[in-house]
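K.L.:
Data file work_28.cif (mmCIF, C-alpha atoms) is appended below.
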data_model
loop_
_atom_site.label_atom_id
_atom_site.label_comp_id
_atom_site.auth_asym_id
_atom_site.auth_seq_id
_atom_site.Cartn_x
_atom_site.Cartn_y
_atom_site.Cartn_z
CA MET A 1 41.82 96.89 8.36
CA SER A 2 39.63 94.01 7.24
CA GLN A 3 37.63 94.36 4.04
CA PRO A 4 34.07 95.59 4.51
CA THR A 5 30.91 93.58 4.09
CA PRO A 6 27.60 95.08 2.96
CA GLU A 7 26.34 94.94 6.55
CA GLN A 8 29.18 97.03 7.96
CA PRO A 9 28.18 100.56 8.93
CA PRO A 10 30.46 103.45 7.98
CA VAL A 11 33.41 104.47 10.09
CA LEU A 12 32.63 107.74 11.87
CA LEU A 13 35.74 109.91 11.53
CA THR A 14 35.90 113.29 13.24
CA GLY A 15 38.41 115.95 12.21
CA VAL A 16 38.25 114.73 8.61
CA ALA A 17 39.33 118.10 7.17
CA GLY A 18 42.40 118.10 9.38
CA PHE A 19 45.87 116.92 8.47
CA ILE A 20 45.79 113.43 9.98
CA GLY A 21 42.04 113.00 9.54
CA TYR A 22 42.25 113.63 5.80
CA HIS A 23 45.00 111.03 5.38
CA VAL A 24 43.11 108.47 7.51
CA ALA A 25 40.00 109.00 5.37
CA GLU A 26 42.07 108.48 2.21
CA ARG A 27 43.41 105.18 3.53
CA LEU A 28 40.01 103.91 4.69
CA LEU A 29 38.39 104.72 1.36
CA ALA A 30 41.26 103.07 -0.51
CA GLU A 31 40.59 99.94 1.53
CA GLY A 32 36.93 99.97 0.53
CA ARG A 33 35.51 101.29 3.79
CA GLU A 34 32.65 103.76 3.98
CA VAL A 35 33.46 106.93 5.90
CA VAL A 36 31.23 109.58 7.42
CA GLY A 37 33.60 112.47 8.03
CA VAL A 38 32.79 115.24 10.50
CA ASP A 39 34.50 118.61 10.78
CA ILE A 40 33.59 122.16 11.78
CA VAL A 41 36.19 123.62 9.36
CA ASN A 42 37.14 126.45 11.71
CA ASP A 43 39.67 129.19 11.03
CA TYR A 44 42.38 128.18 13.52
CA TYR A 45 44.49 128.02 10.37
CA ASP A 46 43.66 128.77 6.73
CA PRO A 47 40.31 127.06 6.01
CA ALA A 48 41.20 126.99 2.30
CA LEU A 49 43.67 124.18 3.01
CA LYS A 50 40.97 122.24 4.85
CA TRP A 51 38.49 122.69 2.01
CA ALA A 52 41.18 121.60 -0.46
CA ARG A 53 41.67 118.38 1.51
CA LEU A 54 37.90 117.79 1.55
CA ALA A 55 37.67 118.44 -2.18
CA ARG A 56 39.97 115.45 -2.72
CA LEU A 57 37.61 113.26 -0.69
CA GLU A 58 34.21 114.44 -1.83
CA GLY A 59 32.82 112.46 -4.71
CA ARG A 60 34.79 109.37 -3.72
CA PRO A 61 32.60 106.24 -3.42
CA GLY A 62 31.71 105.62 0.21
CA PHE A 63 32.50 109.12 1.50
CA ARG A 64 30.07 111.56 3.08
CA PHE A 65 30.95 114.85 4.74
CA VAL A 66 29.00 116.39 7.62
CA ARG A 67 29.91 119.89 8.71
CA ALA A 68 29.23 119.96 12.44
CA ASP A 69 30.60 121.08 15.78
CA ILE A 70 31.44 118.09 17.96
CA ALA A 71 30.62 120.26 21.01
CA ASP A 72 26.98 120.52 19.83
CA THR A 73 25.36 117.81 21.94
CA ALA A 74 22.07 117.56 20.03
CA VAL A 75 23.71 117.46 16.62
CA MET A 76 26.20 114.77 17.62
CA ALA A 77 23.55 112.63 19.32
CA ALA A 78 21.43 112.74 16.16
CA LEU A 79 24.42 111.91 13.97
CA PHE A 80 25.35 108.86 16.04
CA GLU A 81 21.71 107.72 15.93
CA GLU A 82 21.63 108.10 12.15
CA VAL A 83 25.02 106.58 11.29
CA ARG A 84 25.09 103.89 14.01
CA PRO A 85 28.85 103.39 13.65
CA GLN A 86 30.68 100.43 15.06
CA ILE A 87 34.08 102.08 14.73
CA VAL A 88 34.69 105.70 15.70
CA ILE A 89 38.01 107.41 15.00
CA HIS A 90 37.99 110.69 16.88
CA LEU A 91 40.67 113.10 15.67
CA ALA A 92 38.82 116.41 15.98
CA ALA A 93 40.28 118.76 18.57
CA GLN A 94 41.46 122.26 19.16
CA ALA A 95 45.12 121.78 18.38
CA GLY A 96 48.24 123.70 19.30
CA VAL A 97 50.11 124.35 22.53
CA ARG A 98 50.71 128.08 22.23
CA TYR A 99 47.17 128.92 21.13
CA SER A 100 45.94 127.46 24.43
CA LEU A 101 47.78 130.21 26.29
CA THR A 102 45.50 132.87 24.82
CA ASN A 103 42.32 130.99 23.86
CA PRO A 104 41.71 128.48 26.66
CA HIS A 105 37.95 128.24 26.21
CA ALA A 106 38.36 126.86 22.70
CA TYR A 107 40.10 123.84 24.26
CA ILE A 108 37.48 123.35 26.93
CA GLN A 109 34.70 123.33 24.32
CA ALA A 110 36.31 121.18 21.64
CA ASN A 111 38.55 118.88 23.65
CA LEU A 112 36.41 118.32 26.75
CA ALA A 113 32.77 119.06 25.90
CA GLY A 114 33.28 117.71 22.38
CA PHE A 115 34.90 114.52 23.61
CA ALA A 116 32.09 114.00 26.12
CA ASN A 117 29.65 113.98 23.18
CA ILE A 118 31.80 111.40 21.36
CA LEU A 119 31.85 109.19 24.46
CA GLU A 120 28.10 109.50 24.96
CA GLY A 121 27.32 108.73 21.34
CA SER A 122 29.68 105.77 21.38
CA ARG A 123 28.22 104.22 24.51
CA HIS A 124 24.58 104.69 23.46
CA GLN A 125 25.29 103.10 20.07
CA LYS A 126 27.34 100.33 21.72
CA VAL A 127 30.29 101.14 19.47
CA ARG A 128 32.68 98.23 18.99
CA HIS A 129 35.76 100.45 19.28
CA LEU A 130 36.45 104.13 19.93
CA VAL A 131 39.94 105.26 18.89
CA TYR A 132 40.81 108.82 19.86
CA ALA A 133 43.75 111.19 19.50
CA SER A 134 45.79 111.87 22.59
CA SER A 135 49.18 113.57 22.39
CA SER A 136 52.82 113.26 23.36
CA SER A 137 52.28 116.58 25.17
CA VAL A 138 50.80 114.63 28.10
CA TYR A 139 54.37 113.72 29.10
CA GLY A 140 54.91 117.33 30.12
CA ASN A 141 58.33 118.01 31.57
CA HIS A 142 59.44 114.36 31.70
CA THR A 143 63.11 114.04 30.76
CA ASN A 144 63.54 110.25 30.72
CA LEU A 145 63.54 109.41 27.01
CA PRO A 146 62.05 107.51 25.31
CA PHE A 147 58.64 108.24 26.78
CA SER A 148 56.75 105.12 27.84
CA GLU A 149 53.01 104.69 28.28
CA HIS A 150 53.79 102.89 31.52
CA GLN A 151 55.06 106.02 33.26
CA GLY A 152 52.78 108.53 34.99
CA VAL A 153 51.75 111.69 33.15
CA ASP A 154 50.38 113.94 35.87
CA HIS A 155 52.38 117.11 35.21
CA PRO A 156 51.18 118.71 31.95
CA VAL A 157 52.81 122.02 31.08
CA SER A 158 50.04 123.42 28.83
CA LEU A 159 46.25 123.48 28.86
CA TYR A 160 46.26 121.58 25.58
CA ALA A 161 48.22 118.77 27.23
CA ALA A 162 45.87 118.85 30.24
CA THR A 163 42.83 118.38 27.98
CA LYS A 164 44.46 115.40 26.28
CA LYS A 165 45.27 113.80 29.63
CA ALA A 166 41.66 114.50 30.64
CA ASN A 167 40.48 112.69 27.50
CA GLU A 168 42.34 109.58 28.59
CA LEU A 169 40.75 109.75 32.04
CA MET A 170 37.29 110.34 30.58
CA ALA A 171 37.74 107.40 28.21
CA HIS A 172 38.78 105.13 31.07
CA SER A 173 35.67 106.00 33.06
CA TYR A 174 33.45 105.00 30.10
CA SER A 175 35.48 101.85 29.52
CA HIS A 176 35.07 100.95 33.18
CA ILE A 177 31.41 101.82 33.71
CA PHE A 178 29.94 101.02 30.28
CA ARG A 179 32.55 98.51 29.04
CA LEU A 180 33.15 100.74 26.00
CA PRO A 181 36.40 99.66 24.29
CA THR A 182 38.60 102.75 23.95
CA THR A 183 42.13 103.25 22.66
CA GLY A 184 44.02 106.52 23.01
CA LEU A 185 46.89 107.21 20.63
CA ARG A 186 49.55 109.61 21.83
CA PHE A 187 50.66 111.25 18.59
CA PHE A 188 54.17 112.59 18.45
CA THR A 189 55.25 115.26 15.91
CA VAL A 190 53.44 114.29 12.72
CA TYR A 191 54.54 115.84 9.42
CA GLY A 192 54.09 115.31 5.70
CA PRO A 193 52.10 116.49 2.65
CA TRP A 194 48.91 118.42 3.42
CA GLY A 195 50.34 119.24 6.85
CA ARG A 196 49.33 121.96 9.29
CA PRO A 197 50.51 125.52 8.57
CA ASP A 198 51.11 126.17 12.28
CA MET A 199 53.72 123.40 12.53
CA ALA A 200 57.47 124.03 12.30
CA LEU A 201 58.08 122.28 8.97
CA PHE A 202 55.38 124.33 7.24
CA LEU A 203 56.41 127.61 8.90
CA PHE A 204 60.07 127.07 8.10
CA THR A 205 59.41 126.16 4.46
CA ARG A 206 57.28 129.23 3.88
CA ALA A 207 59.83 131.55 5.54
CA ILE A 208 62.91 130.10 3.82
CA LEU A 209 61.32 130.41 0.38
CA ALA A 210 60.36 134.01 1.19
CA GLY A 211 63.85 134.83 2.44
CA GLU A 212 62.49 135.57 5.91
CA PRO A 213 64.03 134.54 9.27
CA ILE A 214 62.78 131.40 11.02
CA ASP A 215 62.26 131.38 14.79
CA VAL A 216 64.33 128.60 16.33
CA PHE A 217 63.44 128.14 19.99
CA ASN A 218 65.63 126.88 22.82
CA HIS A 219 68.52 128.38 20.82
CA GLY A 220 68.35 125.41 18.46
CA GLY A 221 68.47 122.79 21.21
CA MET A 222 65.04 121.27 20.46
CA GLN A 223 64.59 117.60 19.57
CA ARG A 224 61.42 115.97 18.29
CA ASP A 225 60.18 112.52 17.35
CA PHE A 226 59.22 113.52 13.79
CA THR A 227 56.83 110.90 12.39
CA TYR A 228 55.76 110.75 8.76
CA VAL A 229 52.01 110.86 8.26
CA ASP A 230 51.76 107.63 6.23
CA ASP A 231 53.33 105.70 9.11
CA ILE A 232 50.86 107.30 11.53
CA VAL A 233 47.90 106.40 9.33
CA THR A 234 48.98 102.77 9.14
CA GLY A 235 49.01 102.62 12.93
CA VAL A 236 45.63 104.32 13.32
CA VAL A 237 43.89 102.08 10.81
CA ARG A 238 45.37 98.89 12.26
CA VAL A 239 44.44 99.87 15.81
CA ALA A 240 40.86 100.70 14.85
CA ASP A 241 40.19 97.11 13.82
CA VAL A 242 41.55 95.63 17.07
CA PRO A 243 39.22 96.70 19.91
CA ALA A 244 40.75 97.33 23.30
CA ALA A 245 40.35 94.49 25.79
CA PRO A 246 40.88 94.23 29.54
CA ASN A 247 44.41 93.40 30.64
CA PRO A 248 44.10 90.00 32.37
CA GLY A 249 47.26 90.71 34.36
CA PHE A 250 46.19 94.14 35.57
CA ASP A 251 47.14 94.66 39.22
CA PRO A 252 45.20 97.50 40.88
CA ALA A 253 47.77 97.59 43.67
CA HIS A 254 50.41 98.54 41.09
CA ALA A 255 48.22 100.12 38.42
CA ASP A 256 49.68 100.32 34.91
CA PRO A 257 48.66 103.66 33.31
CA ALA A 258 48.59 102.09 29.83
CA SER A 259 45.99 99.38 30.48
CA SER A 260 43.19 98.42 32.84
CA SER A 261 40.79 95.78 34.05
CA ALA A 262 38.42 97.64 31.70
CA PRO A 263 38.64 97.51 27.88
CA PHE A 264 40.98 100.50 27.81
CA ARG A 265 44.47 101.11 26.52
CA VAL A 266 46.84 103.92 25.58
CA PHE A 267 49.60 103.69 22.99
CA ASN A 268 52.42 105.93 21.86
CA ILE A 269 52.50 106.37 18.10
CA GLY A 270 55.75 107.87 16.87
CA ASN A 271 58.95 107.23 14.95
CA ARG A 272 61.05 105.83 17.84
CA ARG A 273 63.83 108.41 17.46
CA SER A 274 64.48 111.96 18.61
CA GLU A 275 65.81 114.13 15.81
CA PRO A 276 67.49 117.52 16.41
CA LEU A 277 65.47 120.43 15.08
CA LEU A 278 68.66 121.71 13.48
CA LYS A 279 68.83 118.50 11.42
CA LEU A 280 65.31 119.14 10.14
CA ILE A 281 66.30 122.68 9.18
CA GLY A 282 69.38 121.37 7.36
CA LEU A 283 67.30 118.89 5.39
CA LEU A 284 64.87 121.65 4.47
CA GLU A 285 67.69 123.88 3.27
CA GLU A 286 68.95 121.04 1.10
CA ALA A 287 65.52 120.24 -0.35
CA LEU A 288 64.66 123.88 -0.98
CA GLY A 289 68.10 124.85 -2.26
CA LYS A 290 68.14 127.92 -0.02
CA PRO A 291 69.75 128.68 3.35
CA ALA A 292 67.63 129.53 6.39
CA ILE A 293 68.08 132.78 8.30
CA ARG A 294 67.95 131.55 11.90
CA ASN A 295 66.53 133.67 14.69
CA LEU A 296 67.63 131.87 17.84
CA LEU A 297 65.22 132.36 20.74
CA PRO A 298 64.71 130.98 24.28
CA MET A 299 62.21 128.25 25.10
CA GLN A 300 58.54 129.16 24.82
CA PRO A 301 56.06 128.73 27.69
CA GLY A 302 54.33 125.35 27.55
CA ASP A 303 57.00 123.78 25.34
CA VAL A 304 59.40 120.91 26.11
CA PRO A 305 62.99 120.46 24.87
CA ALA A 306 62.77 116.88 23.59
CA THR A 307 60.36 114.07 22.77
CA CYS A 308 60.88 110.45 21.77
CA ALA A 309 58.35 107.62 21.61
CA ASP A 310 58.73 104.10 22.90
CA VAL A 311 56.38 102.27 20.50
CA THR A 312 57.11 98.73 21.67
CA ASP A 313 53.55 98.16 22.85
CA LEU A 314 51.97 99.34 19.59
CA GLY A 315 54.38 97.17 17.66
CA ASP A 316 53.43 94.15 19.73
CA ALA A 317 49.70 94.89 19.43
CA VAL A 318 49.33 95.62 15.70
CA GLY A 319 52.78 95.25 14.14
CA PHE A 320 53.42 99.00 13.99
CA ARG A 321 56.85 99.61 12.44
CA PRO A 322 57.39 103.17 11.21
CA ASP A 323 59.83 103.07 8.30
CA THR A 324 59.94 106.51 6.65
CA PRO A 325 63.29 108.23 7.29
CA ILE A 326 63.11 111.96 7.95
CA GLU A 327 65.30 112.56 4.89
CA VAL A 328 62.61 110.99 2.68
CA GLY A 329 59.67 112.58 4.50
CA VAL A 330 61.06 116.13 4.26
CA ARG A 331 61.66 115.77 0.51
CA ARG A 332 58.10 114.54 0.02
CA PHE A 333 56.72 117.45 2.01
CA VAL A 334 58.72 119.99 0.03
CA ALA A 335 57.59 118.45 -3.27
CA TRP A 336 53.96 118.69 -2.14
CA TYR A 337 54.40 122.27 -0.87
CA ARG A 338 55.93 123.42 -4.15
CA GLY A 339 53.14 121.79 -6.11
CA TYR A 340 50.29 123.00 -3.92
CA TYR A 341 51.50 126.61 -3.69
CA ASN A 342 53.05 126.64 -7.16
CA VAL A 343 56.46 127.82 -5.92
#
Here is a file; write its structure as structure tokens.
P.N.:
Amino acid sequence: MSQPTPEQPPVLLTGVAGFIGYHVAERLLAEGREVVGVDIVNDYYDPALKWARLARLEGRPGFRFVRADIADTAVMAALFEEVRPQIVIHLAAQAGVRYSLTNPHAYIQANLAGFANILEGSRHQKVRHLVYASSSSVYGNHTNLPFSEHQGVDHPVSLYAATKKANELMAHSYSHIFRLPTTGLRFFTVYGPWGRPDMALFLFTRAILAGEPIDVFNHGGMQRDFTYVDDIVTGVVRVADVPAAPNPGFDPAHADPASSSAPFRVFNIGNRRSEPLLKLIGLLEEALGKPAIRNLLPMQPGDVPATCADVTDLGDAVGFRPDTPIEVGVRRFVAWYRGYYNV
């Protein structure tokens, strides 16, 4: 991202206490940008981890934290009016596939009503670029790997995925009607230090160290595009400084889902390879020096057997080239976990 000038307003970053949001804030601050970070700090997972992330940001020059619910229309409208951002990076959401099976209204509020407030604030402030988190889950039960942004994604298999697809549609409508530049980033399986406790790497590490069984779904046949968080952050920050523009070659008779005649685009952001879950478990066993007790189970509702990102478009647009091997990333995560939890 380009270096700031005194006239540049802060970047408005939602979900700043979250895993990816915290790392994005770190990078922006390191580059000399001012950041207004927003988060509700809910208890979907241990809030202590979220507060620990924030503690590493607070007091840094250029950082300000606002505790707020993005679904609160009045609060968000006032915040946009006060901050007047030109770049918005929207990462706040109700995360998780399985949680959506039992708590659907949390997704409607955060991912739909909340995103509507982000869109409204962005268009009223004539934001230069809105970058928002979509998800690889929008590909649903597609089996043609690697997943491409140029294929249709109309068959989500979880409510979480449906809300992320809805975000892309909502963004396009604002790009079309109000000419608001929007870019959706379809995150694949992000991992690394300060990660989410509900994700497999975190759950497995905790269980292995405790000598407890780990649940391995699809009888171990799962594959994921595991992407190290530093690579993800590089992509997010680069994209933010390159506003979406209309595709001059867009043909409405053969509409490309990844672009538009409006300033709208969607990118995959992943590691370009599908790694077996059993490989991840093996690397964890090696890093931890302990074997895993594997509880093999069938596929869960709302889950998919494999993911893999085609990131050609993101590479062409901003030079995105993920380069952290899973062997390195897992070791870094384990080192952080041992240090943070003193184990």
K.L.:
In Å, rounded to a single decimal, give me how far atom CA of Arg332 of chain A is from atom CA of Phe187 of chain A.
P.N.:
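These two atoms are separated by 20.3 Å.
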K.L.:
Could you tell me which residues the PyMOL selection byres ((chain A and resi 125) around 12) returns for this structure, as number ranges by chain?
P.N.:
A: 9, 12, 76-88, 118-124, 126-130, 178, 180
K.L.:
What separation in Å, quoted to one decimal, exists between atom CA of Gly62 of chain A and atom CA of Val35 of chain A?
P.N.:
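We find that atom CA of Gly62 of chain A and atom CA of Val35 of chain A lie 6.1 Å from each other.
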K.L.:
With only C-alpha atoms as the atoms that count, which of A:Phe202, A:Arg224, A:Ala287, A:Ala161 lies nearest to Tyr341 of chain A?
P.N.:
A:Phe202
K.L.:
Using only C-alpha atoms, which of A:Thr182, A:Asn103, A:Gln300, A:Asn144 sits nearest Tyr160 of chain A?
P.N.:
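Once distances to Tyr160 of chain A are computed over only C-alpha atoms, the minimum belongs to A:Asn103.
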K.L.:
Given the point (50.6, 100.5, 23.4) in the coordinates of this file, which residues lie within 7 Å, counting all atoms listed in the file, and how would they look as a list in words?
P.N.:
Glu149, Ala258, Arg265, Val266, Phe267, Asn268, Val311, Thr312, Asp313, Leu314 and Ala317 of chain A
K.L.:
Find the distance between atom CA of Ile208 of chain A and atom CA of Ser158 of chain A and write it in Å to one decimal.
P.N.:
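Atom CA of Ser158 of chain A lies 28.9 Å from atom CA of Ile208 of chain A.
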K.L.:
Give me the residues within 6 Å of Ala71 of chain A as a PyMOL selection string, counting only C-alpha atoms and dropping any in the same chain fewer than 6 places off.
P.N.:
chain A and resi 110+113-114
K.L.:
Run the PyMOL selection byres ((chain A and resi 131-134) around 6) mentally over the shown coordinates, then write out the matched residues as number ranges by chain, using the chain letters and numbers from the document.
P.N.:
A: 89-91, 130, 135, 164, 182-186
K.L.:
Quick one: what's the axis-aligned box for segment 324-342 of chain A, all listed atoms, 3 Å on every side, centre and edges in Å to one decimal, as JSON?
P.N.:
{"center_x": 57.8, "center_y": 116.6, "center_z": 0.4, "size_x": 21.0, "size_y": 26.1, "size_z": 21.1}
K.L.:
Find the residues with any atom within 12 Å of (43.1, 105.7, 4.3); use only C-alpha atoms and the coordinates as given in the file, and write the answer as a ChimeraX atom specification.
P.N.:
/A:1,11,13,16,20-35,57,63,89,229-238,240
K.L.:
For the structure shown, which residues end up in the PyMOL selection byres ((chain A and resi 54) around 12)? Put them as a ChimeraX atom specification, please?
P.N.:
/A:15-19,21-23,25-26,37-41,47-53,55-60,63-67,194
K.L.:
Would you mind telling me which residue in A:Phe188, A:Tyr107, A:Tyr174, A:Phe204 lies nearest to Asn295 of chain A when using all atoms listed in the file?
P.N.:
A:Phe204
K.L.:
List the neighbours of Phe147 of chain A out to 7 Å using all atoms listed in the file; skip same-chain residues closer than 6 positions along the sequence, and give me the result as a PyMOL selection string.
P.N.:
chain A and resi 308-310
K.L.:
For each of A:Lys279, A:Arg338, A:Lys290, A:His254, take the minimum atom-to-atom distance to His150 of chain A, counting all atoms listed in the file, then give the residue where this is smallest.
P.N.:
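Ranked by minimum distance to His150 of chain A, first place goes to A:His254.
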K.L.:
Smallest atom-to-atom distance to Gln223 of chain A: which of A:Leu278, A:Leu296, A:Ala116, A:Ala245, using only C-alpha atoms?
P.N.:
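That would be A:Leu278, the residue with the smallest distance to Gln223 of chain A.
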K.L.:
Measuring atom to atom with only C-alpha atoms, identify which of A:Tyr44, A:Pro61, A:Asn247, A:Ala166 is nearest to Pro10 of chain A.
P.N.:
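Closest to Pro10 of chain A, using only C-alpha atoms: A:Pro61.
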K.L.:
Would you fill out segment 323-332 of chain A with all heavy atoms and return it as a PDB file, in the frame of the given file?
P.N.:
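File written: result-v6.pdb
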ATOM      1  N   ASP A 323      58.644 103.348   9.116  1.00  0.00           N
ATOM      2  CA  ASP A 323      59.830 103.070   8.300  1.00  0.00           C
ATOM      3  C   ASP A 323      60.158 104.193   7.310  1.00  0.00           C
ATOM      4  O   ASP A 323      60.884 103.954   6.337  1.00  0.00           O
ATOM      5  CB  ASP A 323      59.649 101.754   7.544  1.00  0.00           C
ATOM      6  CG  ASP A 323      58.449 101.745   6.602  1.00  0.00           C
ATOM      7  OD1 ASP A 323      57.774 102.783   6.485  1.00  0.00           O
ATOM      8  OD2 ASP A 323      58.197 100.698   5.978  1.00  0.00           O
ATOM      9  N   THR A 324      59.630 105.407   7.549  1.00  0.00           N
ATOM     10  CA  THR A 324      59.940 106.510   6.650  1.00  0.00           C
ATOM     11  C   THR A 324      61.010 107.401   7.265  1.00  0.00           C
ATOM     12  O   THR A 324      60.740 108.111   8.237  1.00  0.00           O
ATOM     13  CB  THR A 324      58.686 107.355   6.351  1.00  0.00           C
ATOM     14  OG1 THR A 324      57.634 106.497   5.891  1.00  0.00           O
ATOM     15  CG2 THR A 324      58.985 108.417   5.299  1.00  0.00           C
ATOM     16  N   PRO A 325      62.225 107.379   6.743  1.00  0.00           N
ATOM     17  CA  PRO A 325      63.290 108.230   7.290  1.00  0.00           C
ATOM     18  C   PRO A 325      62.923 109.707   7.112  1.00  0.00           C
ATOM     19  O   PRO A 325      62.248 110.091   6.144  1.00  0.00           O
ATOM     20  CB  PRO A 325      64.516 107.867   6.447  1.00  0.00           C
ATOM     21  CG  PRO A 325      64.179 106.582   5.776  1.00  0.00           C
ATOM     22  CD  PRO A 325      62.698 106.571   5.610  1.00  0.00           C
ATOM     23  N   ILE A 326      63.406 110.534   8.013  1.00  0.00           N
ATOM     24  CA  ILE A 326      63.110 111.960   7.950  1.00  0.00           C
ATOM     25  C   ILE A 326      63.646 112.578   6.656  1.00  0.00           C
ATOM     26  O   ILE A 326      63.041 113.508   6.102  1.00  0.00           O
ATOM     27  CB  ILE A 326      63.657 112.685   9.200  1.00  0.00           C
ATOM     28  CG1 ILE A 326      63.144 114.136   9.244  1.00  0.00           C
ATOM     29  CG2 ILE A 326      65.164 112.622   9.265  1.00  0.00           C
ATOM     30  CD1 ILE A 326      63.490 114.850  10.529  1.00  0.00           C
ATOM     31  N   GLU A 327      64.755 112.040   6.148  1.00  0.00           N
ATOM     32  CA  GLU A 327      65.300 112.560   4.890  1.00  0.00           C
ATOM     33  C   GLU A 327      64.309 112.395   3.739  1.00  0.00           C
ATOM     34  O   GLU A 327      64.167 113.282   2.890  1.00  0.00           O
ATOM     35  CB  GLU A 327      66.610 111.828   4.541  1.00  0.00           C
ATOM     36  CG  GLU A 327      67.756 112.090   5.500  1.00  0.00           C
ATOM     37  CD  GLU A 327      67.715 111.232   6.756  1.00  0.00           C
ATOM     38  OE1 GLU A 327      66.770 110.416   6.905  1.00  0.00           O
ATOM     39  OE2 GLU A 327      68.615 111.383   7.600  1.00  0.00           O
ATOM     40  N   VAL A 328      63.617 111.255   3.726  1.00  0.00           N
ATOM     41  CA  VAL A 328      62.610 110.990   2.680  1.00  0.00           C
ATOM     42  C   VAL A 328      61.361 111.830   2.924  1.00  0.00           C
ATOM     43  O   VAL A 328      60.812 112.445   2.003  1.00  0.00           O
ATOM     44  CB  VAL A 328      62.260 109.493   2.655  1.00  0.00           C
ATOM     45  CG1 VAL A 328      61.088 109.232   1.697  1.00  0.00           C
ATOM     46  CG2 VAL A 328      63.477 108.668   2.257  1.00  0.00           C
ATOM     47  N   GLY A 329      60.908 111.863   4.171  1.00  0.00           N
ATOM     48  CA  GLY A 329      59.670 112.580   4.500  1.00  0.00           C
ATOM     49  C   GLY A 329      59.760 114.062   4.205  1.00  0.00           C
ATOM     50  O   GLY A 329      58.810 114.667   3.685  1.00  0.00           O
ATOM     51  N   VAL A 330      60.897 114.688   4.521  1.00  0.00           N
ATOM     52  CA  VAL A 330      61.060 116.130   4.260  1.00  0.00           C
ATOM     53  C   VAL A 330      61.026 116.403   2.765  1.00  0.00           C
ATOM     54  O   VAL A 330      60.389 117.361   2.311  1.00  0.00           O
ATOM     55  CB  VAL A 330      62.360 116.647   4.909  1.00  0.00           C
ATOM     56  CG1 VAL A 330      62.682 118.056   4.397  1.00  0.00           C
ATOM     57  CG2 VAL A 330      62.224 116.664   6.421  1.00  0.00           C
ATOM     58  N   ARG A 331      61.685 115.572   1.970  1.00  0.00           N
ATOM     59  CA  ARG A 331      61.660 115.770   0.510  1.00  0.00           C
ATOM     60  C   ARG A 331      60.239 115.656  -0.030  1.00  0.00           C
ATOM     61  O   ARG A 331      59.834 116.439  -0.904  1.00  0.00           O
ATOM     62  CB  ARG A 331      62.574 114.756  -0.184  1.00  0.00           C
ATOM     63  CG  ARG A 331      64.058 115.032  -0.009  1.00  0.00           C
ATOM     64  CD  ARG A 331      64.888 114.275  -1.044  1.00  0.00           C
ATOM     65  NE  ARG A 331      64.717 112.829  -0.954  1.00  0.00           N
ATOM     66  CZ  ARG A 331      65.471 112.035  -0.187  1.00  0.00           C
ATOM     67  NH1 ARG A 331      66.437 112.558   0.556  1.00  0.00           N
ATOM     68  NH2 ARG A 331      65.267 110.732  -0.173  1.00  0.00           N
ATOM     69  N   ARG A 332      59.482 114.708   0.478  1.00  0.00           N
ATOM     70  CA  ARG A 332      58.100 114.540   0.020  1.00  0.00           C
ATOM     71  C   ARG A 332      57.252 115.750   0.398  1.00  0.00           C
ATOM     72  O   ARG A 332      56.409 116.201  -0.380  1.00  0.00           O
ATOM     73  CB  ARG A 332      57.491 113.267   0.618  1.00  0.00           C
ATOM     74  CG  ARG A 332      58.068 111.980   0.046  1.00  0.00           C
ATOM     75  CD  ARG A 332      57.465 110.776   0.738  1.00  0.00           C
ATOM     76  NE  ARG A 332      58.033 109.529   0.244  1.00  0.00           N
ATOM     77  CZ  ARG A 332      57.813 108.336   0.809  1.00  0.00           C
ATOM     78  NH1 ARG A 332      57.040 108.248   1.891  1.00  0.00           N
ATOM     79  NH2 ARG A 332      58.372 107.253   0.305  1.00  0.00           N
TER      80      ARG A 332
END
